[in-house]
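*Asks:* Take a look at this one; I'll ask things after.
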Amino acid sequence: MAINASSSSSPSHPCFYVKSPHLLFHTASSKNLVSFNDSPRLISLRRQALSSDSGDLSLSSNGRGFKVESSSSSSSSTTSSAIDFLTLCHRLKTTKRKGWINHGIKGPESVADHMYRMALMALVAKDLPGVDRERCIKIAIVHDIAEAIVGDITPSDGVPKAEKSRRELEALNEMCEVLGGGMRAEEIKELWAEYENNSSLEANLVKDFDKVELILQALEYEIVHGKVLDEFFLSTAGKFQTEIGKSWAAEINKRRSSRLANRPN
């Protein structure tokens, strides 16, 4: 059985990754050995044989092994750091999506508006084999979270993709420091990287939701503001990876084509 110490845990409360369905581990604060013969998604170990300062332990699976942490040291973050993090995330509600600003849209949607509707897309989409709906919702919620610091960087800004990614990763790490590190911060980093690298079925689907939300919003702005926003439809054409993305985009384009065909000259 392989046990690796996690770098995210504090020296006084070590965290171990355990890669075995038959779990056997111990903590530095106790000489007692604890074992499991099953592999549930989440097991809470009440403080019993452990010393009084060890706190509660939790065991969770992330698909790559099992993670054991002491909740007394970092149940995810302190109350203060959680509120600091949420205050920082307020910028997502006030940062307007630059593509709409560049096209003269008055009162455009915010980054938070965009991510919220993407999360709704993940919620209402039909089930797909092998796709974790809950993970899709989480990815949608955090995929643009770094824009709270770096803002909405668009292709028109001329920033190379690698540089954009570097800036956002730096901002993400800063935000996770504000959160106080721990399990939740690591989860946010993992979700963001999964989306950024398009490295899972869930990321594929959320990437499509990002484009679907874009063209749906473009259609809505065309209707409300009487504009023709061809750029957004052309830039996403042929780039959808999933059947849901393709079918939803086709429906939006169908509605747009019908509307344009019936516009008075």
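Naming works like this for the structure tokens: A, B, ... for the chains as they're shown, residue 1 at the start of each chain, ligands 1 onward in shown order.
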Set the distance at 9 Å and use only C-alpha atoms: which residues neighbour segment 162-174 of chain A once local chain neighbours fewer than 3 positions away are removed? I'd like the list as JSON, numbers by chain.
*Replies:* {"A": [144, 145, 146, 147, 148, 149, 150, 153, 159, 177, 178, 179, 185, 188, 189, 192, 193, 196]}
*Asks:* How would the residues just chosen look if you wrote them out with N, CA and C atoms as a CSV table (one decimal), in the first residue's frame?
*Replies:*
```
chain,number,residue,atom,x,y,z
A,144,ASP,N,-14.2,30.3,-14.5
A,144,ASP,CA,-13.7,31.7,-14.8
A,144,ASP,C,-13.4,32.4,-13.5
A,145,ILE,N,-13.2,31.7,-12.4
A,145,ILE,CA,-13.1,32.3,-11.1
A,145,ILE,C,-11.9,33.3,-11.0
A,146,ALA,N,-10.9,33.0,-11.7
A,146,ALA,CA,-9.6,33.8,-11.6
A,146,ALA,C,-9.9,35.2,-12.2
A,147,GLU,N,-11.0,35.4,-12.9
A,147,GLU,CA,-11.3,36.7,-13.5
A,147,GLU,C,-11.6,37.7,-12.4
A,148,ALA,N,-11.9,37.2,-11.2
A,148,ALA,CA,-12.1,38.2,-10.1
A,148,ALA,C,-10.8,39.0,-9.9
A,149,ILE,N,-9.7,38.5,-10.3
A,149,ILE,CA,-8.4,39.3,-10.2
A,149,ILE,C,-7.9,39.8,-11.5
A,150,VAL,N,-7.9,38.9,-12.5
A,150,VAL,CA,-7.3,39.3,-13.8
A,150,VAL,C,-8.3,40.0,-14.8
A,153,ILE,N,-10.2,38.5,-20.0
A,153,ILE,CA,-9.3,38.6,-21.0
A,153,ILE,C,-9.8,38.0,-22.3
A,159,VAL,N,-3.6,38.9,-25.9
A,159,VAL,CA,-2.8,38.2,-24.9
A,159,VAL,C,-2.7,36.7,-25.4
A,177,GLU,N,-5.1,31.1,-1.5
A,177,GLU,CA,-4.4,31.5,-0.3
A,177,GLU,C,-5.3,32.3,0.6
A,178,VAL,N,-6.1,33.2,-0.1
A,178,VAL,CA,-7.1,34.0,0.7
A,178,VAL,C,-8.1,33.0,1.4
A,179,LEU,N,-8.5,32.0,0.7
A,179,LEU,CA,-9.4,31.0,1.3
A,179,LEU,C,-8.8,30.2,2.4
A,185,ALA,N,-9.8,24.5,-1.2
A,185,ALA,CA,-8.9,25.3,-2.1
A,185,ALA,C,-8.3,24.3,-3.1
A,188,ILE,N,-10.9,23.4,-5.8
A,188,ILE,CA,-11.1,24.5,-6.7
A,188,ILE,C,-9.9,24.5,-7.8
A,189,LYS,N,-8.7,24.3,-7.3
A,189,LYS,CA,-7.6,24.3,-8.2
A,189,LYS,C,-7.7,23.1,-9.2
A,192,TRP,N,-10.5,23.8,-11.8
A,192,TRP,CA,-10.1,24.8,-12.8
A,192,TRP,C,-9.1,24.2,-13.8
A,193,ALA,N,-8.1,23.4,-13.3
A,193,ALA,CA,-7.1,22.8,-14.2
A,193,ALA,C,-7.8,21.8,-15.1
A,196,GLU,N,-9.3,23.9,-17.8
A,196,GLU,CA,-8.3,24.6,-18.6
A,196,GLU,C,-7.6,23.6,-19.5
```
*Asks:* Return as a list in words the full set of residues in segment 49-196 of chain A whose backbone-based DSSP assignment is strand (DSSP E or B).
*Replies:*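 The strand (DSSP E or B) residues within segment 49-196 of chain A come out as Leu57, Ser58, Leu59, Ser60, Ser61, Phe66, Lys67, Val68, Glu69, Ser70, Lys96 and Ser110 of chain A.
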*Asks:* What is the atom CA of Gly245 of chain A-atom CA of Val212 of chain A distance in Å, reported with one decimal?
*Replies:* 6.8 Å
*Asks:* May I have the residues within 10 Å of Phe240 of chain A as a PyMOL selection string, using only C-alpha atoms and disregarding those fewer than 4 positions away in the same chain?
*Replies:* chain A and resi 204-205+207-212+236+244-249
*Asks:* Using only C-alpha atoms, which of the listed residues (A:Gly130, A:Ala125, A:Val111, A:Ile105) sits closest to Ile223 of chain A?
*Replies:*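 Checking each of A:Gly130, A:Ala125, A:Val111, A:Ile105 against Ile223 of chain A, counting only C-alpha atoms, the winner is A:Ile105.
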*Asks:* Mind listing the alpha helix (DSSP H) residues of segment 154-263 of chain A, per DSSP on the backbone, as an MDAnalysis selection string?
*Replies:* chainID A and resid 161:179 182:196 201:225 230:236 243:261
*Asks:* Residues of segment 72-124 of chain A that approach segment 131-134 of chain A to 10 Å or less, counting only C-alpha atoms: could you list each one with the shortest pair of atoms and its distance in Å to one decimal, rows by chain and increasing residue number, as JSON lines?
*Replies:*
```
{"residue": "A:Ala119", "atom": "CA", "partner": "A:Glu134", "partner_atom": "CA", "distance": 9.5}
{"residue": "A:Ala122", "atom": "CA", "partner": "A:Arg133", "partner_atom": "CA", "distance": 6.4}
{"residue": "A:Leu123", "atom": "CA", "partner": "A:Arg133", "partner_atom": "CA", "distance": 6.9}
{"residue": "A:Val124", "atom": "CA", "partner": "A:Arg133", "partner_atom": "CA", "distance": 9.4}
```
*Asks:* Create the file for the chosen residues now, containing N, CA, C and O atoms and written as a compact mmCIF listing (two decimals), in the first residue's frame.
*Replies:*
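Resulting contents of selection-v7.txt:
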```
# COMPACT_ATOMS: atom_id res chain seq x y z
N ALA A 119 -23.90 26.73 -15.02
CA ALA A 119 -24.20 25.74 -13.98
C ALA A 119 -25.62 25.21 -14.14
O ALA A 119 -25.87 24.02 -13.94
N ALA A 122 -25.64 22.60 -16.81
CA ALA A 122 -25.18 21.31 -16.30
C ALA A 122 -26.27 20.62 -15.49
O ALA A 122 -26.38 19.39 -15.50
N LEU A 123 -27.08 21.41 -14.81
CA LEU A 123 -28.15 20.86 -13.99
C LEU A 123 -29.28 20.25 -14.82
O LEU A 123 -29.82 19.20 -14.48
N VAL A 124 -29.62 20.89 -15.93
CA VAL A 124 -30.80 20.46 -16.71
C VAL A 124 -30.46 19.55 -17.89
O VAL A 124 -31.35 18.96 -18.49
```
*Asks:* Calculated over only C-alpha atoms, which of the candidates A:Thr94, A:Ser235, A:Gln217, A:Thr242 has the smallest distance to Leu201 of chain A?
*Replies:*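 Going through A:Thr94, A:Ser235, A:Gln217, A:Thr242 one by one, the smallest distance to Leu201 of chain A is for A:Thr242.
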*Asks:* Between atom CA of His143 of chain A and atom CA of Gly238 of chain A, measure the distance and give it in Å to one decimal.
*Replies:*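 Separation of atom CA of His143 of chain A and atom CA of Gly238 of chain A: 21.8 Å.
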*Asks:* Work out how far atom CA of Ala237 of chain A is from atom CA of Ser200 of chain A, in Å to one decimal.
*Replies:*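 Atom CA of Ala237 of chain A lies 21.6 Å from atom CA of Ser200 of chain A.
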*Asks:* I want to know what sits within 10 Å of His90 of chain A, based on only C-alpha atoms, with residues of the same chain fewer than 5 positions away left out; could you give that as a list of chain:residue names?
*Replies:*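 Within the cut-off, the hits are A:Phe85, A:Thr95, A:Ala112, A:Ala148.
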